[in-house]
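Asks: Quick one, query.cif (mmCIF, C-alpha atoms):
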```
data_input
#
loop_
_atom_site.label_atom_id
_atom_site.label_comp_id
_atom_site.auth_asym_id
_atom_site.auth_seq_id
_atom_site.Cartn_x
_atom_site.Cartn_y
_atom_site.Cartn_z
CA MET A 1 -21.63 -47.96 26.88
CA PRO A 2 -21.68 -45.72 23.78
CA LYS A 3 -24.29 -43.00 23.58
CA GLN A 4 -25.75 -41.55 20.46
CA GLN A 5 -25.87 -37.76 20.44
CA SER A 6 -26.94 -35.28 17.81
CA ILE A 7 -25.19 -32.02 17.01
CA THR A 8 -26.11 -29.18 14.74
CA THR A 9 -23.60 -28.39 12.03
CA TYR A 10 -23.30 -25.36 9.80
CA SER A 11 -21.78 -24.27 6.54
CA PHE A 12 -19.71 -21.08 6.76
CA SER A 13 -22.56 -18.93 5.44
CA GLU A 14 -24.94 -20.38 8.05
CA LEU A 15 -22.75 -19.36 10.99
CA ASP A 16 -23.63 -16.36 13.12
CA LEU A 17 -22.11 -13.18 11.60
CA ASN A 18 -19.93 -12.63 14.69
CA VAL A 19 -18.53 -16.17 14.40
CA GLN A 20 -17.89 -15.64 10.67
CA GLN A 21 -16.05 -12.38 11.42
CA SER A 22 -13.97 -14.08 14.11
CA LEU A 23 -12.92 -16.78 11.63
CA ILE A 24 -12.07 -14.10 9.05
CA ASP A 25 -10.07 -12.08 11.60
CA THR A 26 -8.01 -15.08 12.72
CA TYR A 27 -7.41 -16.53 9.25
CA GLU A 28 -3.72 -17.17 8.55
CA VAL A 29 -2.31 -16.90 5.05
CA ASP A 30 -0.29 -19.89 3.82
CA PRO A 31 3.22 -19.55 5.30
CA TYR A 32 4.76 -20.00 1.84
CA TRP A 33 2.70 -17.24 0.25
CA ASP A 34 5.83 -15.21 -0.59
CA ASP A 35 7.83 -17.91 -2.44
CA GLN A 36 6.88 -16.81 -5.96
CA VAL A 37 7.37 -13.11 -5.22
CA ILE A 38 10.81 -13.74 -3.75
CA ASP A 39 11.72 -15.91 -6.76
CA ASP A 40 10.66 -13.01 -9.00
CA ILE A 41 12.76 -10.57 -6.96
CA ASN A 42 15.79 -12.88 -7.19
CA ASP A 43 15.32 -13.13 -10.96
CA GLU A 44 15.02 -9.34 -11.28
CA ALA A 45 18.18 -8.83 -9.21
CA ASP A 46 20.03 -11.25 -11.45
CA LEU A 47 18.81 -9.44 -14.58
CA LEU A 48 19.81 -6.08 -13.11
CA GLY A 49 23.33 -7.34 -12.41
CA ILE A 50 23.36 -7.70 -8.63
CA HIS A 51 25.76 -10.51 -7.73
CA ASN A 52 25.86 -12.39 -4.40
CA PHE A 53 22.31 -11.15 -3.89
CA ASN A 54 20.71 -11.66 -0.48
CA PHE A 55 17.18 -10.35 0.07
CA ARG A 56 15.42 -9.95 3.41
CA TYR A 57 12.15 -8.43 4.53
CA THR A 58 9.73 -8.22 7.44
CA GLY A 59 6.20 -7.01 7.17
CA PHE A 60 3.89 -5.38 7.23
CA TRP A 61 2.64 -3.45 10.21
CA SER A 62 5.45 -2.84 12.68
CA GLN A 63 8.13 -0.24 13.11
CA GLY A 64 11.23 -1.39 11.32
CA ASP A 65 9.38 -3.46 8.73
CA GLY A 66 10.63 -3.20 5.20
CA ALA A 67 12.85 -4.86 2.64
CA SER A 68 16.54 -4.69 1.92
CA PHE A 69 19.24 -6.57 0.10
CA THR A 70 22.95 -6.96 -0.05
CA GLY A 71 25.06 -7.71 -3.09
CA VAL A 72 27.74 -6.56 -5.48
CA LEU A 73 26.69 -4.32 -8.39
CA SER A 74 27.98 -5.20 -11.82
CA ALA A 75 29.92 -2.59 -13.79
CA GLU A 76 27.04 -2.42 -16.29
CA LEU A 77 24.54 -1.71 -13.52
CA ILE A 78 26.74 0.99 -11.98
CA THR A 79 27.12 2.61 -15.41
CA SER A 80 23.35 2.47 -15.96
CA ILE A 81 22.58 4.07 -12.57
CA LEU A 82 25.12 6.86 -13.05
CA LYS A 83 24.30 7.68 -16.67
CA LYS A 84 20.64 8.28 -15.76
CA HIS A 85 21.64 11.03 -13.36
CA PHE A 86 24.77 12.64 -14.70
CA ASN A 87 23.79 15.36 -17.17
CA LYS A 88 27.30 15.63 -18.52
CA ASN A 89 29.89 13.31 -19.88
CA LEU A 90 31.42 11.35 -17.07
CA SER A 91 34.86 12.54 -16.10
CA PHE A 92 35.69 9.02 -14.95
CA ASN A 93 35.14 5.48 -16.08
CA PRO A 94 32.17 4.03 -14.11
CA GLU A 95 33.54 0.55 -14.74
CA GLU A 96 36.44 1.47 -12.48
CA ILE A 97 34.09 1.77 -9.51
CA HIS A 98 33.40 -1.15 -7.23
CA ALA A 99 30.02 -0.77 -5.51
CA SER A 100 28.17 -3.08 -3.20
CA ILE A 101 25.23 -2.87 -0.88
CA GLU A 102 26.23 -3.85 2.64
CA ARG A 103 24.19 -4.52 5.78
CA LYS A 104 24.55 -2.36 8.89
CA ALA A 105 24.55 -4.07 12.27
CA TYR A 106 20.84 -3.80 13.15
CA PRO A 107 19.82 -7.38 13.92
CA HIS A 108 16.11 -6.69 14.42
CA TYR A 109 15.40 -4.58 11.34
CA VAL A 110 15.81 -5.17 7.62
CA HIS A 111 14.33 -2.07 5.93
CA ASN A 112 16.16 -0.05 3.26
CA LYS A 113 17.97 2.16 5.79
CA THR A 114 19.69 -0.86 7.35
CA VAL A 115 21.86 -1.26 4.26
CA TYR A 116 24.19 1.21 2.59
CA ALA A 117 26.13 1.72 -0.62
CA ALA A 118 29.82 0.93 -0.19
CA ILE A 119 31.81 2.63 -2.94
CA ASP A 120 35.41 1.84 -3.74
CA PRO A 121 36.89 3.70 -6.70
CA ASN A 122 39.62 1.77 -8.45
CA GLU A 123 40.56 4.97 -10.27
CA GLU A 124 42.43 7.80 -8.57
CA GLY A 125 41.02 10.51 -10.83
CA ILE A 126 37.56 10.56 -9.23
CA SER A 127 37.02 13.71 -7.20
CA ASP A 128 35.64 13.64 -3.68
CA GLU A 129 32.64 15.60 -4.96
CA ASP A 130 31.94 12.92 -7.59
CA LEU A 131 32.34 10.16 -4.99
CA VAL A 132 29.74 11.80 -2.74
CA LEU A 133 27.39 12.14 -5.71
CA ILE A 134 27.96 8.53 -6.81
CA GLU A 135 27.23 7.25 -3.32
CA SER A 136 24.09 9.38 -3.11
CA LEU A 137 22.82 8.15 -6.50
CA ILE A 138 23.40 4.51 -5.62
CA GLU A 139 21.77 5.05 -2.20
CA ASP A 140 18.70 6.57 -3.88
CA TRP A 141 18.57 3.72 -6.41
CA LYS A 142 18.88 1.14 -3.61
CA ASP A 143 16.13 2.80 -1.55
CA GLU A 144 13.75 2.91 -4.52
CA LEU A 145 14.40 -0.74 -5.33
CA CYS A 146 13.90 -1.85 -1.71
CA GLN A 147 10.63 0.08 -1.51
CA LYS A 148 9.43 -1.29 -4.86
CA TRP A 149 10.09 -4.87 -3.78
CA TYR A 150 8.50 -4.29 -0.37
CA LYS A 151 5.36 -2.86 -2.00
CA LYS A 152 5.25 -5.87 -4.33
CA LEU A 153 5.32 -8.23 -1.35
CA GLU A 154 2.79 -6.20 0.61
CA SER A 155 0.43 -5.97 -2.35
CA HIS A 156 0.59 -9.72 -2.91
CA TYR A 157 0.00 -10.42 0.78
CA ASP A 158 -2.94 -8.01 0.85
CA SER A 159 -4.46 -9.73 -2.19
CA LEU A 160 -4.32 -13.06 -0.32
CA SER A 161 -5.88 -11.72 2.85
CA THR A 162 -8.94 -9.83 1.64
CA GLU A 163 -12.16 -10.58 3.46
CA GLU A 164 -13.80 -11.61 0.19
CA LEU A 165 -11.08 -14.16 -0.58
CA ILE A 166 -11.13 -15.58 2.95
CA VAL A 167 -14.93 -16.03 2.80
CA GLU A 168 -14.53 -17.72 -0.58
CA ILE A 169 -11.88 -20.06 0.84
CA TYR A 170 -14.06 -21.02 3.79
CA GLU A 171 -17.06 -21.59 1.53
CA ASP A 172 -15.03 -23.63 -0.97
CA LEU A 173 -13.70 -25.84 1.80
CA ASP A 174 -17.06 -27.56 2.09
CA ALA A 175 -16.17 -27.68 5.75
CA ILE A 176 -18.68 -28.51 8.42
CA PHE A 177 -18.60 -26.06 11.31
CA LEU A 178 -19.89 -26.21 14.82
CA GLU A 179 -21.90 -23.26 16.11
CA ASP A 180 -18.78 -21.65 17.65
CA GLY A 181 -16.80 -21.82 14.37
CA ARG A 182 -14.71 -24.86 15.07
CA ILE A 183 -14.34 -27.11 12.05
CA LEU A 184 -15.73 -30.59 12.57
#
```
Represent the structure contained in this file as structure tokens.
Replies:
Amino acid sequence: MPKQQSITTYSFSELDLNVQQSLIDTYEVDPYWDDQVIDDINDEADLLGIHNFNFRYTGFWSQGDGASFTGVLSAELITSILKKHFNKNLSFNPEEIHASIERKAYPHYVHNKTVYAAIDPNEEGISDEDLVLIESLIEDWKDELCQKWYKKLESHYDSLSTEELIVEIYEDLDAIFLEDGRIL
């Protein structure tokens, strides 16, 4: 035979402060939170001239977290990178250099040091000294870009997981809570 029972329900703001904090601490950001940021990164890579672009990241609090990408750099991009750093006229044609960013074999990590600049000069007149410098400049450029994109992702994630925003989300839900924080 059915029994009628009464229970006390609460809005988020009526919950005990410890229960509220527990809900805040265990809140999970939407699993697709990064879609727009990754779309923006893909668009930026395309505009820069990175072909066959593949972006990966992990974040944000463990050793090995970071962002990296692989792809082939267009001749225009290579020229742009080199002209910013060479303080003299180039003694070679930068369009004769094939450069790509390749992934090392570290299956558990994806940060900027897990990829490297692979340089293949199509021109025989490039000195070994210039090749070392070219590789170094492209490595530095790649590292800066990986770090920039990682910070963009981290900043966006942080903006979605502030305590103030989580409280606002719980209050806007118009959810009915039990005393222990479970949603009824």
Asks: Hey, what's within 10 Å of A:Gly125 if we count all atoms listed in the file and toss same-chain stuff fewer than 4 positions away? As a VMD selection string, please?
Replies: chain A and resid 91 to 93 121 130
Asks: Since I can't run it myself right now, could you work out what the PyMOL selection byres ((chain A and resi 172-184) around 9) selects here and report it as a list of chain:residue names?
Replies: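 Selected by the PyMOL selection byres ((chain A and resi 172-184) around 9) here: A:Ile7, A:Thr8, A:Thr9, A:Tyr10, A:Ser11, A:Phe12, A:Leu15, A:Asp16, A:Val19, A:Gln20, A:Ser22, A:Leu23, A:Val167, A:Glu168, A:Ile169, A:Tyr170, A:Glu171.
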Asks: Could the residues in this selection be saved with C-alpha atoms as a PDB file, in the frame of the given file?
Replies:
```pdb
ATOM      1  CA  ILE A   7     -25.190 -32.020  17.010  1.00  0.00           C
ATOM      2  CA  THR A   8     -26.110 -29.180  14.740  1.00  0.00           C
ATOM      3  CA  THR A   9     -23.600 -28.390  12.030  1.00  0.00           C
ATOM      4  CA  TYR A  10     -23.300 -25.360   9.800  1.00  0.00           C
ATOM      5  CA  SER A  11     -21.780 -24.270   6.540  1.00  0.00           C
ATOM      6  CA  PHE A  12     -19.710 -21.080   6.760  1.00  0.00           C
ATOM      7  CA  LEU A  15     -22.750 -19.360  10.990  1.00  0.00           C
ATOM      8  CA  ASP A  16     -23.630 -16.360  13.120  1.00  0.00           C
ATOM      9  CA  VAL A  19     -18.530 -16.170  14.400  1.00  0.00           C
ATOM     10  CA  GLN A  20     -17.890 -15.640  10.670  1.00  0.00           C
ATOM     11  CA  SER A  22     -13.970 -14.080  14.110  1.00  0.00           C
ATOM     12  CA  LEU A  23     -12.920 -16.780  11.630  1.00  0.00           C
ATOM     13  CA  VAL A 167     -14.930 -16.030   2.800  1.00  0.00           C
ATOM     14  CA  GLU A 168     -14.530 -17.720  -0.580  1.00  0.00           C
ATOM     15  CA  ILE A 169     -11.880 -20.060   0.840  1.00  0.00           C
ATOM     16  CA  TYR A 170     -14.060 -21.020   3.790  1.00  0.00           C
ATOM     17  CA  GLU A 171     -17.060 -21.590   1.530  1.00  0.00           C
TER      18      GLU A 171
END
```
Asks: With distances taken over all atoms listed in the file, which of A:Glu163, A:Glu154, A:Asp35, A:Glu135 is nearest to A:Ile78?
Replies: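 Of A:Glu163, A:Glu154, A:Asp35, A:Glu135, the one nearest A:Ile78 is A:Glu135, counting all atoms listed in the file.
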Asks: Let me know the residues the PyMOL selection byres ((chain A and resi 55) around 8) catches in the file above, as a PyMOL selection string.
Replies: chain A and resi 42+53-54+56-57+67-70
Asks: Output C-alpha atoms of each residue in that selection to a file, as a CSV table (one decimal), in the frame of the given file.
Replies:
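selection.csv, written as the output of this step:
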```csv
chain,number,residue,atom,x,y,z
A,42,ASN,CA,15.8,-12.9,-7.2
A,53,PHE,CA,22.3,-11.2,-3.9
A,54,ASN,CA,20.7,-11.7,-0.5
A,56,ARG,CA,15.4,-10.0,3.4
A,57,TYR,CA,12.2,-8.4,4.5
A,67,ALA,CA,12.8,-4.9,2.6
A,68,SER,CA,16.5,-4.7,1.9
A,69,PHE,CA,19.2,-6.6,0.1
A,70,THR,CA,23.0,-7.0,0.0
```
Asks: A:Pro94, A:Ile81, A:Tyr27, A:Asn18: which is nearest A:Leu165, counting only C-alpha atoms?
Replies: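 Between A:Pro94, A:Ile81, A:Tyr27, A:Asn18, the residue approaching A:Leu165 most closely is A:Tyr27.
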Asks: Rank nothing, just name the residue among A:Tyr116, A:Phe60, A:Tyr109, A:Tyr32 nearest to A:Val72, using all atoms listed in the file.
Replies: A:Tyr116
Asks: Please provide as a short mmCIF file (atom, residue, chain, number, x, y, z; two decimals) with C-alpha atoms, in the coordinates of the input all residues within 7 Å of A:Ser100, with the sequence filter that same-chain residues fewer than 3 positions apart are discarded (counting all atoms listed in the file).
Replies:
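The resulting file, result00.cif, is reproduced below:
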```
data_model
loop_
_atom_site.label_atom_id
_atom_site.label_comp_id
_atom_site.auth_asym_id
_atom_site.auth_seq_id
_atom_site.Cartn_x
_atom_site.Cartn_y
_atom_site.Cartn_z
CA GLY A 71 25.06 -7.71 -3.09
CA VAL A 72 27.74 -6.56 -5.48
CA LEU A 73 26.69 -4.32 -8.39
CA ALA A 117 26.13 1.72 -0.62
CA ALA A 118 29.82 0.93 -0.19
CA ILE A 119 31.81 2.63 -2.94
#
```
Asks: Point out the residue among A:Val115, A:Ala45, A:Val110, A:Val37 with the least atom-to-atom distance to A:Lys152, counting only C-alpha atoms.
Replies: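 Distance minimum relative to A:Lys152 lands on A:Val37.
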Asks: Nearest to A:Gln147 among A:Leu160, A:Ile97, A:Thr79, A:Lys113, with distances taken over all atoms listed in the file: which residue is it?
Replies: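 With all atoms listed in the file as the atom set, the closest residue is A:Lys113.
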Asks: Between atom CA of A:Gln63 and atom CA of A:Glu164, measure the distance and give it in Å to one decimal.
Replies: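 Atom-to-atom, atom CA of A:Gln63 and atom CA of A:Glu164 are spaced 27.9 Å apart.
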Asks: Counting all atoms listed in the file, figure out which residue out of A:Trp61, A:His156, A:Gly49, A:Leu137 gets nearest to A:Ala75.
Replies: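 Looking only at the distances to A:Ala75, the closest residue turns out to be A:Gly49.
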Asks: Quick one: pull the distance between atom CA of A:Leu77 and atom CA of A:Ile50, Å, one decimal.
Replies: 7.8 Å
Asks: Work out how far atom CA of A:Ile101 is from atom CA of A:Val132, in Å to one decimal.
Replies: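 Atom CA of A:Val132 sits 15.5 Å away from atom CA of A:Ile101.
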